[in-house]
$ cat target02.pdb   # PDB, C-alpha atoms
ATOM      1  CA  MET W   1      63.655 -91.831  95.066
ATOM      2  CA  LYS W   2      63.394 -89.451  92.111
ATOM      3  CA  ILE W   3      65.935 -88.945  89.296
ATOM      4  CA  LEU W   4      65.856 -86.060  86.799
ATOM      5  CA  VAL W   5      67.342 -86.883  83.358
ATOM      6  CA  VAL W   6      68.284 -83.811  81.308
ATOM      7  CA  ASP W   7      69.267 -84.172  77.641
ATOM      8  CA  ASP W   8      68.186 -82.366  74.477
ATOM      9  CA  SER W   9      68.171 -85.692  72.602
ATOM     10  CA  ARG W  10      64.972 -87.637  73.151
ATOM     11  CA  VAL W  11      66.620 -90.882  72.134
ATOM     12  CA  MET W  12      69.464 -90.335  74.594
ATOM     13  CA  ARG W  13      66.994 -89.631  77.412
ATOM     14  CA  GLN W  14      65.309 -92.897  76.495
ATOM     15  CA  ILE W  15      68.644 -94.748  76.551
ATOM     16  CA  VAL W  16      69.587 -93.223  79.919
ATOM     17  CA  VAL W  17      66.222 -94.241  81.380
ATOM     18  CA  ARG W  18      66.641 -97.768  79.983
ATOM     19  CA  THR W  19      70.154 -97.978  81.445
ATOM     20  CA  LEU W  20      68.909 -96.803  84.834
ATOM     21  CA  ARG W  21      66.414 -99.652  84.766
ATOM     22  CA  GLN W  22      69.109-102.173  83.755
ATOM     23  CA  ALA W  23      71.389-100.847  86.509
ATOM     24  CA  GLY W  24      68.801-101.625  89.158
ATOM     25  CA  TYR W  25      67.135 -98.242  89.520
ATOM     26  CA  GLY W  26      63.823 -99.331  88.014
ATOM     27  CA  HIS W  27      62.092 -98.535  91.280
ATOM     28  CA  CYS W  28      62.994 -94.835  91.000
ATOM     29  CA  ASP W  29      60.674 -92.237  89.566
ATOM     30  CA  VAL W  30      62.343 -90.758  86.498
ATOM     31  CA  ILE W  31      61.438 -87.343  85.152
ATOM     32  CA  GLU W  32      62.891 -85.666  82.083
ATOM     33  CA  ALA W  33      63.964 -82.201  80.929
ATOM     34  CA  THR W  34      65.173 -81.053  77.526
ATOM     35  CA  ASP W  35      67.906 -78.556  78.475
ATOM     36  CA  GLY W  36      69.391 -76.744  81.449
ATOM     37  CA  ARG W  37      66.647 -74.144  81.613
ATOM     38  CA  ASP W  38      63.959 -76.815  81.642
ATOM     39  CA  GLY W  39      66.130 -78.681  84.163
ATOM     40  CA  ILE W  40      66.061 -75.772  86.624
ATOM     41  CA  SER W  41      62.293 -75.608  86.323
ATOM     42  CA  LYS W  42      61.958 -79.374  86.935
ATOM     43  CA  VAL W  43      64.357 -79.251  89.899
ATOM     44  CA  HIS W  44      62.123 -76.668  91.529
ATOM     45  CA  SER W  45      58.839 -78.397  90.734
ATOM     46  CA  GLU W  46      59.895 -82.040  91.219
ATOM     47  CA  GLN W  47      62.657 -81.852  93.851
ATOM     48  CA  PRO W  48      64.643 -84.830  92.481
ATOM     49  CA  ASP W  49      67.152 -86.721  94.639
ATOM     50  CA  LEU W  50      69.674 -86.836  91.776
ATOM     51  CA  VAL W  51      70.187 -84.923  88.526
ATOM     52  CA  LEU W  52      71.772 -86.662  85.510
ATOM     53  CA  SER W  53      72.529 -84.072  82.858
ATOM     54  CA  ASP W  54      74.064 -83.875  79.412
ATOM     55  CA  TRP W  55      76.713 -81.156  79.002
ATOM     56  CA  ASN W  56      76.200 -79.816  75.505
ATOM     57  CA  MET W  57      72.623 -78.538  75.109
ATOM     58  CA  PRO W  58      70.864 -75.561  73.522
ATOM     59  CA  GLU W  59      69.342 -72.782  75.654
ATOM     60  CA  MET W  60      71.399 -73.646  78.754
ATOM     61  CA  SER W  61      74.371 -76.030  78.884
ATOM     62  CA  GLY W  62      74.800 -78.622  81.592
ATOM     63  CA  ILE W  63      77.674 -76.772  83.249
ATOM     64  CA  ASP W  64      75.659 -73.531  83.353
ATOM     65  CA  PHE W  65      72.720 -75.501  84.758
ATOM     66  CA  LEU W  66      74.903 -76.914  87.545
ATOM     67  CA  SER W  67      76.478 -73.525  88.264
ATOM     68  CA  ALA W  68      73.033 -71.924  88.518
ATOM     69  CA  LEU W  69      71.879 -74.575  90.970
ATOM     70  CA  ARG W  70      74.948 -74.195  93.151
ATOM     71  CA  ALA W  71      74.751 -70.392  93.035
ATOM     72  CA  SER W  72      71.201 -70.616  94.366
ATOM     73  CA  GLY W  73      72.373 -72.781  97.280
ATOM     74  CA  ASP W  74      71.027 -76.027  95.824
ATOM     75  CA  ASP W  75      73.508 -78.797  96.628
ATOM     76  CA  ARG W  76      71.573 -81.873  95.551
ATOM     77  CA  PRO W  77      73.671 -84.620  93.868
ATOM     78  CA  PHE W  78      74.389 -83.830  90.225
ATOM     79  CA  GLY W  79      76.197 -85.991  87.667
ATOM     80  CA  PHE W  80      77.018 -85.500  84.010
ATOM     81  CA  VAL W  81      76.250 -88.036  81.277
ATOM     82  CA  THR W  82      78.027 -86.608  78.281
ATOM     83  CA  SER W  83      79.715 -87.520  75.026
ATOM     84  CA  GLU W  84      83.183 -86.532  76.148
ATOM     85  CA  GLY W  85      85.113 -87.469  79.237
ATOM     86  CA  SER W  86      88.485 -85.756  78.948
ATOM     87  CA  GLU W  87      90.417 -84.902  82.084
ATOM     88  CA  PRO W  88      89.898 -81.114  81.683
ATOM     89  CA  MET W  89      86.135 -81.666  81.490
ATOM     90  CA  ARG W  90      86.159 -83.904  84.535
ATOM     91  CA  GLU W  91      88.114 -81.248  86.430
ATOM     92  CA  THR W  92      85.702 -78.518  85.316
ATOM     93  CA  ALA W  93      82.745 -80.664  86.363
ATOM     94  CA  ALA W  94      84.247 -81.459  89.758
ATOM     95  CA  ARG W  95      85.130 -77.792  90.408
ATOM     96  CA  ALA W  96      81.535 -76.810  89.654
ATOM     97  CA  GLY W  97      80.267 -79.357  92.147
ATOM     98  CA  ALA W  98      79.425 -82.437  90.078
ATOM     99  CA  ALA W  99      79.588 -85.768  91.881
ATOM    100  CA  PHE W 100      80.710 -87.639  88.753
ATOM    101  CA  LEU W 101      80.935 -87.593  84.978
ATOM    102  CA  ILE W 102      79.838 -90.603  82.911
ATOM    103  CA  SER W 103      80.974 -90.505  79.297
ATOM    104  CA  LYS W 104      78.915 -91.908  76.443
ATOM    105  CA  PRO W 105      78.796 -94.697  75.488
ATOM    106  CA  PHE W 106      78.112 -96.245  78.889
ATOM    107  CA  THR W 107      76.943 -99.505  80.413
ATOM    108  CA  PRO W 108      74.648-100.375  83.339
ATOM    109  CA  ASP W 109      77.809-101.254  85.311
ATOM    110  CA  THR W 110      79.133 -97.715  84.761
ATOM    111  CA  PHE W 111      75.870 -96.306  86.095
ATOM    112  CA  ARG W 112      75.990 -98.556  89.167
ATOM    113  CA  ASP W 113      79.624 -97.616  89.862
ATOM    114  CA  HIS W 114      78.805 -93.905  89.883
ATOM    115  CA  LEU W 115      75.248 -93.822  91.229
ATOM    116  CA  ASP W 116      75.471 -96.335  94.069
ATOM    117  CA  PRO W 117      77.829 -94.200  96.188
ATOM    118  CA  VAL W 118      75.600 -91.145  95.662
ATOM    119  CA  LEU W 119      72.217 -92.772  96.223
ATOM    120  CA  GLY W 120      73.372 -95.245  98.844
TER
ATOM    121  CA  MET V   1      88.625 -97.690  54.576
ATOM    122  CA  THR V   2      90.284 -94.653  53.071
ATOM    123  CA  ALA V   3      92.893 -92.498  54.757
ATOM    124  CA  MET V   4      92.601 -89.251  52.810
ATOM    125  CA  ALA V   5      95.440 -87.383  54.478
ATOM    126  CA  ASP V   6      97.460 -87.501  57.637
ATOM    127  CA  LEU V   7      95.915 -86.237  60.839
ATOM    128  CA  GLU V   8      98.614 -84.537  62.857
ATOM    129  CA  TYR V   9      96.688 -85.354  66.047
ATOM    130  CA  GLY V  10      93.945 -87.674  67.086
ATOM    131  CA  PRO V  11      92.730 -91.065  66.023
ATOM    132  CA  ASP V  12      94.048 -93.213  63.225
ATOM    133  CA  SER V  13      91.614 -95.320  61.234
ATOM    134  CA  SER V  14      91.773 -98.307  63.574
ATOM    135  CA  MET V  15      91.041 -96.124  66.612
ATOM    136  CA  LEU V  16      88.125 -94.518  64.765
ATOM    137  CA  VAL V  17      86.737 -97.972  63.935
ATOM    138  CA  GLU V  18      87.013 -98.828  67.629
ATOM    139  CA  ILE V  19      85.245 -95.624  68.677
ATOM    140  CA  VAL V  20      82.375 -96.244  66.234
ATOM    141  CA  GLY V  21      82.086 -99.856  67.398
ATOM    142  CA  ASP V  22      81.970 -98.831  71.058
ATOM    143  CA  VAL V  23      79.330 -96.195  70.346
ATOM    144  CA  PHE V  24      77.087 -98.607  68.443
ATOM    145  CA  THR V  25      77.480-101.288  71.100
ATOM    146  CA  GLY V  26      76.703 -98.728  73.797
ATOM    147  CA  LEU V  27      73.585 -97.555  71.989
ATOM    148  CA  PHE V  28      72.250-100.876  70.702
ATOM    149  CA  GLY V  29      73.668-103.355  73.193
ATOM    150  CA  GLU V  30      75.202-106.706  72.402
ATOM    151  CA  ARG V  31      72.284-107.891  70.267
ATOM    152  CA  TYR V  32      73.824-106.348  67.155
ATOM    153  CA  ALA V  33      77.366-106.808  65.926
ATOM    154  CA  PRO V  34      79.182-103.472  65.664
ATOM    155  CA  PRO V  35      79.815-101.945  62.221
ATOM    156  CA  TYR V  36      82.757-103.365  60.293
ATOM    157  CA  LEU V  37      84.880-102.025  57.452
ATOM    158  CA  ALA V  38      83.428-102.335  53.963
ATOM    159  CA  ALA V  39      83.744-100.903  50.488
ATOM    160  CA  PRO V  40      82.611 -97.275  49.991
ATOM    161  CA  VAL V  41      79.045 -96.708  48.826
ATOM    162  CA  ASP V  42      77.758 -93.455  47.358
ATOM    163  CA  THR V  43      74.111 -93.611  48.486
ATOM    164  CA  LEU V  44      74.620 -92.107  51.922
ATOM    165  CA  ASP V  45      71.952 -89.436  51.918
ATOM    166  CA  VAL V  46      71.427 -89.137  55.676
ATOM    167  CA  SER V  47      74.159 -87.382  57.623
ATOM    168  CA  ALA V  48      75.044 -85.500  60.775
ATOM    169  CA  SER V  49      78.058 -83.474  61.777
ATOM    170  CA  VAL V  50      79.588 -81.813  64.807
ATOM    171  CA  SER V  51      82.391 -79.269  64.882
ATOM    172  CA  VAL V  52      85.245 -79.028  67.340
ATOM    173  CA  SER V  53      86.844 -75.642  67.884
ATOM    174  CA  GLY V  54      89.590 -74.534  70.255
ATOM    175  CA  GLY V  55      92.840 -76.437  70.595
ATOM    176  CA  TRP V  56      91.908 -78.230  67.378
ATOM    177  CA  PHE V  57      89.508 -77.217  64.614
ATOM    178  CA  GLY V  58      87.597 -79.764  62.591
ATOM    179  CA  ASP V  59      84.419 -81.720  62.035
ATOM    180  CA  VAL V  60      83.267 -85.254  62.586
ATOM    181  CA  VAL V  61      80.711 -86.348  60.009
ATOM    182  CA  ILE V  62      78.647 -89.521  59.890
ATOM    183  CA  CYS V  63      76.748 -90.468  56.740
ATOM    184  CA  CYS V  64      74.528 -93.481  56.260
ATOM    185  CA  SER V  65      71.851 -94.899  54.031
ATOM    186  CA  PRO V  66      68.237 -93.887  54.681
ATOM    187  CA  ALA V  67      67.486 -97.544  55.467
ATOM    188  CA  LEU V  68      70.154 -97.651  58.197
ATOM    189  CA  ALA V  69      68.891 -94.413  59.719
ATOM    190  CA  LEU V  70      65.324 -95.714  59.690
ATOM    191  CA  SER V  71      66.136 -99.079  61.261
ATOM    192  CA  ALA V  72      68.384 -97.472  63.894
ATOM    193  CA  ALA V  73      65.670 -94.984  64.865
ATOM    194  CA  ALA V  74      63.021 -97.706  64.961
ATOM    195  CA  GLU V  75      65.227 -99.852  67.196
ATOM    196  CA  LEU V  76      66.255 -97.090  69.603
ATOM    197  CA  PHE V  77      62.769 -95.605  69.911
ATOM    198  CA  ALA V  78      61.169 -99.086  69.998
ATOM    199  CA  MET V  79      58.839 -98.076  67.188
ATOM    200  CA  ALA V  80      57.641 -99.810  64.036
ATOM    201  CA  PRO V  81      59.608 -98.458  61.046
ATOM    202  CA  GLU V  82      56.452 -97.031  59.481
ATOM    203  CA  GLU V  83      55.856 -94.959  62.632
ATOM    204  CA  VAL V  84      59.299 -93.320  62.566
ATOM    205  CA  ALA V  85      59.165 -89.642  61.607
ATOM    206  CA  GLU V  86      61.871 -87.271  60.385
ATOM    207  CA  ALA V  87      62.370 -85.905  63.911
ATOM    208  CA  GLU V  88      63.312 -89.326  65.253
ATOM    209  CA  ILE V  89      65.781 -89.926  62.405
ATOM    210  CA  ARG V  90      67.434 -86.520  62.934
ATOM    211  CA  ASP V  91      67.626 -87.160  66.677
ATOM    212  CA  VAL V  92      69.314 -90.555  66.228
ATOM    213  CA  VAL V  93      71.860 -89.605  63.558
ATOM    214  CA  GLY V  94      72.564 -86.364  65.426
ATOM    215  CA  GLU V  95      73.322 -88.383  68.540
ATOM    216  CA  PHE V  96      75.597 -90.682  66.524
ATOM    217  CA  ALA V  97      77.598 -87.609  65.493
ATOM    218  CA  ASN V  98      77.505 -86.121  68.988
ATOM    219  CA  VAL V  99      78.822 -89.209  70.742
ATOM    220  CA  ILE V 100      81.393 -90.167  68.090
ATOM    221  CA  GLY V 101      82.462 -86.510  67.859
ATOM    222  CA  GLY V 102      82.786 -86.221  71.625
ATOM    223  CA  ASN V 103      85.012 -89.278  71.711
ATOM    224  CA  VAL V 104      87.159 -87.925  68.866
ATOM    225  CA  LYS V 105      87.419 -84.559  70.623
ATOM    226  CA  SER V 106      88.709 -86.361  73.724
ATOM    227  CA  VAL V 107      91.863 -87.415  71.885
ATOM    228  CA  MET V 108      92.468 -84.056  70.184
ATOM    229  CA  PRO V 109      94.435 -81.138  71.660
ATOM    230  CA  GLY V 110      92.225 -78.998  73.880
ATOM    231  CA  PRO V 111      90.537 -77.291  75.457
ATOM    232  CA  SER V 112      87.888 -77.173  72.785
ATOM    233  CA  VAL V 113      84.168 -76.674  72.332
ATOM    234  CA  LEU V 114      81.910 -79.274  70.688
ATOM    235  CA  SER V 115      79.027 -77.895  68.628
ATOM    236  CA  LEU V 116      75.486 -79.160  68.696
ATOM    237  CA  PRO V 117      74.818 -81.689  65.922
ATOM    238  CA  ARG V 118      73.657 -80.578  62.476
ATOM    239  CA  THR V 119      71.680 -83.064  60.413
ATOM    240  CA  SER V 120      70.675 -83.507  56.810
ATOM    241  CA  LEU V 121      68.349 -86.019  55.201
ATOM    242  CA  GLU V 122      69.395 -84.990  51.711
ATOM    243  CA  GLY V 123      73.177 -85.139  51.533
ATOM    244  CA  ILE V 124      76.146 -84.086  53.633
ATOM    245  CA  ALA V 125      75.399 -82.062  56.757
ATOM    246  CA  GLU V 126      76.994 -78.641  57.098
ATOM    247  CA  ARG V 127      80.637 -78.628  58.179
ATOM    248  CA  SER V 128      83.353 -76.043  58.582
ATOM    249  CA  GLY V 129      86.406 -78.107  57.563
ATOM    250  CA  ASP V 130      87.425 -78.324  53.927
ATOM    251  CA  VAL V 131      89.955 -81.175  54.012
ATOM    252  CA  GLU V 132      88.801 -84.760  54.477
ATOM    253  CA  ALA V 133      91.623 -86.041  56.690
ATOM    254  CA  LEU V 134      90.339 -89.475  57.628
ATOM    255  CA  ARG V 135      87.452 -91.591  56.408
ATOM    256  CA  ILE V 136      86.228 -95.065  57.220
ATOM    257  CA  ASP V 137      83.558 -96.840  55.213
ATOM    258  CA  MET V 138      81.640 -99.477  57.100
ATOM    259  CA  THR V 139      78.528-101.617  57.068
ATOM    260  CA  TRP V 140      76.032-102.277  59.842
ATOM    261  CA  GLN V 141      73.127-104.674  59.529
ATOM    262  CA  GLY V 142      73.812-104.885  55.819
ATOM    263  CA  GLU V 143      73.549-101.115  55.326
ATOM    264  CA  PRO V 144      76.408 -98.690  54.617
ATOM    265  CA  LEU V 145      77.739 -95.892  56.765
ATOM    266  CA  CYS V 146      80.774 -93.668  56.616
ATOM    267  CA  VAL V 147      82.526 -91.684  59.343
ATOM    268  CA  SER V 148      84.950 -88.948  58.374
ATOM    269  CA  ILE V 149      87.071 -86.307  60.068
ATOM    270  CA  TRP V 150      87.464 -82.972  58.310
ATOM    271  CA  THR V 151      90.012 -80.327  59.134
ATOM    272  CA  ALA V 152      90.357 -76.720  58.158
ATOM    273  CA  SER V 153      93.195 -76.079  55.717
ATOM    274  CA  ALA V 154      94.415 -73.303  58.057
ATOM    275  CA  GLN V 155      94.499 -74.467  61.686
ATOM    276  CA  THR V 156      94.523 -71.660  64.242
ATOM    277  CA  PRO V 157      94.757 -73.043  67.778
ATOM    278  CA  GLN V 158      93.293 -70.830  70.453
ATOM    279  CA  GLU V 159      92.074 -71.125  73.993
ATOM    280  CA  GLY V 160      88.498 -72.273  74.475
ATOM    281  CA  ASP V 161      86.281 -73.661  77.174
ATOM    282  CA  PRO V 162      85.842 -77.384  77.307
ATOM    283  CA  SER V 163      82.487 -78.641  76.121
TER
END
$ encode --input "target02.pdb" --output "structure tokens"
Amino acid sequence: MKILVVDDSRVMRQIVVRTLRQAGYGHCDVIEATDGRDGISKVHSEQPDLVLSDWNMPEMSGIDFLSALRASGDDRPFGFVTSEGSEPMRETAARAGAAFLISKPFTPDTFRDHLDPVLG
Amino acid sequence: MTAMADLEYGPDSSMLVEIVGDVFTGLFGERYAPPYLAAPVDTLDVSASVSVSGGWFGDVVICCSPALALSAAAELFAMAPEEVAEAEIRDVVGEFANVIGGNVKSVMPGPSVLSLPRTSLEGIAERSGDVEALRIDMTWQGEPLCVSIWTASAQTPQEGDPS
């Protein structure tokens, strides 16, 4: 099982990886990307089973990243981990094809609640 | 804690304290008590800000002492303090502003766009608002920090994409 973590903040990538481990996903391979553009490249080269992406990033935002994947026919599971979880954002994410949106700050329980149904 | 002016929308000071506490607990875990209210201090040379624009215009600014920024970066990157570089400090305080700002944006009228964080290690980070509408002074691990919300004196709501 491979998970791609996309965030322009190195410390937030580190915190997401730590939380994945605490949530019971320590057995997964975790790879990282620094923005949506880098994320597309890593999706192609690494073929992750799940993408966890920030929303607000330079170069290419998370929502543009997701839209680009879906436009290319890529329907792998994709979830947002972002600093805001308002209802309009959740609706925008769901319309674009996101499986879930986790708002920061988060806990290992939040990760389990959202990732378990996707990763089985 | 200092309420500088009334915010027509959004958090009051107690909600902002709660947001900051939740963010620190989320980032650092339960090992550290969350920040609590304290007297203002004027040696807050490290800062980060984010702007919200759309249904509401304003900025969320966090300022803290260099010692707080250093210890927070060392803790989150699991590094010795002497190994922490400027990039790590900017990353950590920028993420403070990003997450606190995102949570503030959630309770403001929308839709709005959240900017990327701006950071400064020598004073207040750049902001667009000119009116300090709400400010809380706090302490964490014996070091001071301040979170403030700034608004533009002329608010012009307009449609925007959510961020």
$ residues_around --input "target02.pdb" --residues "segment 42-55 of chain W" --least-positions-apart "4" --cutoff "6 Å" --atoms "all atoms listed in the file" --output "list in words"
Lys2, Ile3, Leu4, Val5, Val6, Asp7, Ser61, Gly62, Pro77, Phe78, Gly79, Phe80, Val81 and Thr82 of chain W
$ closest_residue --input "target02.pdb" --among "W:Gly24, W:Pro58, W:Gly120, W:Gly97" --to "chain V" --atoms "all atoms listed in the file"
W:Pro58
$ interface_residues --input "target02.pdb" --of "chain W" --to "chain V" --cutoff "9 Å" --atoms "all atoms listed in the file" --output "PyMOL selection string"
chain W and resi 9-12+14-15+55-58+61+63+82-89+92+103-107
$ atom_distance --input "target02.pdb" --atom1 "atom CA of Asp116 of chain W" --atom2 "atom CA of Ala23 of chain W"
9.7 Å
$ resolve_selection --input "target02.pdb" --expression "the PyMOL selection byres ((chain V and resi 119) around 8)" --output "PDB file with C-alpha atoms, keeping the file's coordinate frame"
ATOM      1  CA  VAL V  46      71.427 -89.137  55.676  1.00  0.00           C
ATOM      2  CA  SER V  47      74.159 -87.382  57.623  1.00  0.00           C
ATOM      3  CA  ALA V  48      75.044 -85.500  60.775  1.00  0.00           C
ATOM      4  CA  SER V  49      78.058 -83.474  61.777  1.00  0.00           C
ATOM      5  CA  ARG V  90      67.434 -86.520  62.934  1.00  0.00           C
ATOM      6  CA  VAL V  93      71.860 -89.605  63.558  1.00  0.00           C
ATOM      7  CA  GLY V  94      72.564 -86.364  65.426  1.00  0.00           C
ATOM      8  CA  PRO V 117      74.818 -81.689  65.922  1.00  0.00           C
ATOM      9  CA  ARG V 118      73.657 -80.578  62.476  1.00  0.00           C
ATOM     10  CA  SER V 120      70.675 -83.507  56.810  1.00  0.00           C
ATOM     11  CA  LEU V 121      68.349 -86.019  55.201  1.00  0.00           C
ATOM     12  CA  ALA V 125      75.399 -82.062  56.757  1.00  0.00           C
ATOM     13  CA  GLU V 126      76.994 -78.641  57.098  1.00  0.00           C
TER      14      GLU V 126
END
$ atom_distance --input "target02.pdb" --atom1 "atom CA of Ile102 of chain W" --atom2 "atom CA of Asp29 of chain W"
20.4 Å
$ residues_around --input "target02.pdb" --residues "Arg70 of chain W" --least-positions-apart "6" --cutoff "10 Å" --atoms "only C-alpha atoms" --output "PyMOL selection string"
chain W and resi 64+76+96-98
$ atom_distance --input "target02.pdb" --atom1 "atom CA of Ser14 of chain V" --atom2 "atom CA of Ala133 of chain V"
14.1 Å
$ build_atoms --input "target02.pdb" --residues "segment 64-92 of chain V" --atoms "N, CA and C atoms" --output "mmCIF file, keeping the file's coordinate frame"
data_model
loop_
_atom_site.group_PDB
_atom_site.id
_atom_site.type_symbol
_atom_site.label_atom_id
_atom_site.label_comp_id
_atom_site.auth_asym_id
_atom_site.auth_seq_id
_atom_site.Cartn_x
_atom_site.Cartn_y
_atom_site.Cartn_z
ATOM 1 N N CYS V 64 75.025 -92.109 56.356
ATOM 2 C CA CYS V 64 74.528 -93.481 56.260
ATOM 3 C C CYS V 64 73.380 -93.530 55.267
ATOM 4 N N SER V 65 72.981 -94.741 54.943
ATOM 5 C CA SER V 65 71.851 -94.899 54.031
ATOM 6 C C SER V 65 70.560 -94.561 54.772
ATOM 7 N N PRO V 66 69.535 -94.131 54.046
ATOM 8 C CA PRO V 66 68.237 -93.887 54.681
ATOM 9 C C PRO V 66 67.715 -95.133 55.397
ATOM 10 N N ALA V 67 67.984 -96.316 54.838
ATOM 11 C CA ALA V 67 67.486 -97.544 55.467
ATOM 12 C C ALA V 67 68.161 -97.786 56.815
ATOM 13 N N LEU V 68 69.465 -97.490 56.910
ATOM 14 C CA LEU V 68 70.154 -97.651 58.197
ATOM 15 C C LEU V 68 69.590 -96.670 59.219
ATOM 16 N N ALA V 69 69.416 -95.418 58.795
ATOM 17 C CA ALA V 69 68.891 -94.413 59.719
ATOM 18 C C ALA V 69 67.500 -94.806 60.220
ATOM 19 N N LEU V 70 66.685 -95.326 59.315
ATOM 20 C CA LEU V 70 65.324 -95.714 59.690
ATOM 21 C C LEU V 70 65.339 -96.893 60.665
ATOM 22 N N SER V 71 66.139 -97.912 60.381
ATOM 23 C CA SER V 71 66.136 -99.079 61.261
ATOM 24 C C SER V 71 66.760 -98.740 62.613
ATOM 25 N N ALA V 72 67.774 -97.872 62.620
ATOM 26 C CA ALA V 72 68.384 -97.472 63.894
ATOM 27 C C ALA V 72 67.385 -96.689 64.740
ATOM 28 N N ALA V 73 66.659 -95.773 64.116
ATOM 29 C CA ALA V 73 65.670 -94.984 64.865
ATOM 30 C C ALA V 73 64.548 -95.883 65.374
ATOM 31 N N ALA V 74 64.091 -96.802 64.538
ATOM 32 C CA ALA V 74 63.021 -97.706 64.961
ATOM 33 C C ALA V 74 63.470 -98.542 66.151
ATOM 34 N N GLU V 75 64.712 -99.024 66.098
ATOM 35 C CA GLU V 75 65.227 -99.852 67.196
ATOM 36 C C GLU V 75 65.362 -99.033 68.482
ATOM 37 N N LEU V 76 65.979 -97.856 68.385
ATOM 38 C CA LEU V 76 66.255 -97.090 69.603
ATOM 39 C C LEU V 76 64.993 -96.491 70.213
ATOM 40 N N PHE V 77 64.020 -96.138 69.375
ATOM 41 C CA PHE V 77 62.769 -95.605 69.911
ATOM 42 C C PHE V 77 61.732 -96.704 70.157
ATOM 43 N N ALA V 78 62.101 -97.959 69.848
ATOM 44 C CA ALA V 78 61.169 -99.086 69.998
ATOM 45 C C ALA V 78 59.860 -98.806 69.264
ATOM 46 N N MET V 79 59.994 -98.404 68.019
ATOM 47 C CA MET V 79 58.839 -98.076 67.188
ATOM 48 C C MET V 79 58.848 -98.972 65.952
ATOM 49 N N ALA V 80 57.689 -99.150 65.338
ATOM 50 C CA ALA V 80 57.641 -99.810 64.036
ATOM 51 C C ALA V 80 58.236 -98.850 63.006
ATOM 52 N N PRO V 81 58.971 -99.354 62.017
ATOM 53 C CA PRO V 81 59.608 -98.458 61.046
ATOM 54 C C PRO V 81 58.631 -97.486 60.399
ATOM 55 N N GLU V 82 57.415 -97.926 60.144
ATOM 56 C CA GLU V 82 56.452 -97.031 59.481
ATOM 57 C C GLU V 82 55.979 -95.901 60.393
ATOM 58 N N GLU V 83 56.256 -96.012 61.686
ATOM 59 C CA GLU V 83 55.856 -94.959 62.632
ATOM 60 C C GLU V 83 56.960 -93.913 62.824
ATOM 61 N N VAL V 84 58.165 -94.219 62.334
ATOM 62 C CA VAL V 84 59.299 -93.320 62.566
ATOM 63 C C VAL V 84 59.160 -92.071 61.696
ATOM 64 N N ALA V 85 59.274 -90.914 62.326
ATOM 65 C CA ALA V 85 59.165 -89.642 61.607
ATOM 66 C C ALA V 85 60.557 -89.024 61.437
ATOM 67 N N GLU V 86 60.611 -87.959 60.657
ATOM 68 C CA GLU V 86 61.871 -87.271 60.385
ATOM 69 C C GLU V 86 62.572 -86.837 61.681
ATOM 70 N N ALA V 87 61.775 -86.385 62.658
ATOM 71 C CA ALA V 87 62.370 -85.905 63.911
ATOM 72 C C ALA V 87 63.146 -87.003 64.613
ATOM 73 N N GLU V 88 62.610 -88.216 64.598
ATOM 74 C CA GLU V 88 63.312 -89.326 65.253
ATOM 75 C C GLU V 88 64.611 -89.658 64.513
ATOM 76 N N ILE V 89 64.563 -89.632 63.182
ATOM 77 C CA ILE V 89 65.781 -89.926 62.405
ATOM 78 C C ILE V 89 66.843 -88.860 62.672
ATOM 79 N N ARG V 90 66.458 -87.590 62.662
ATOM 80 C CA ARG V 90 67.434 -86.520 62.934
ATOM 81 C C ARG V 90 68.007 -86.656 64.346
ATOM 82 N N ASP V 91 67.159 -87.001 65.301
ATOM 83 C CA ASP V 91 67.626 -87.160 66.677
ATOM 84 C C ASP V 91 68.683 -88.260 66.759
ATOM 85 N N VAL V 92 68.407 -89.406 66.127
ATOM 86 C CA VAL V 92 69.314 -90.555 66.228
ATOM 87 C C VAL V 92 70.634 -90.290 65.498
#
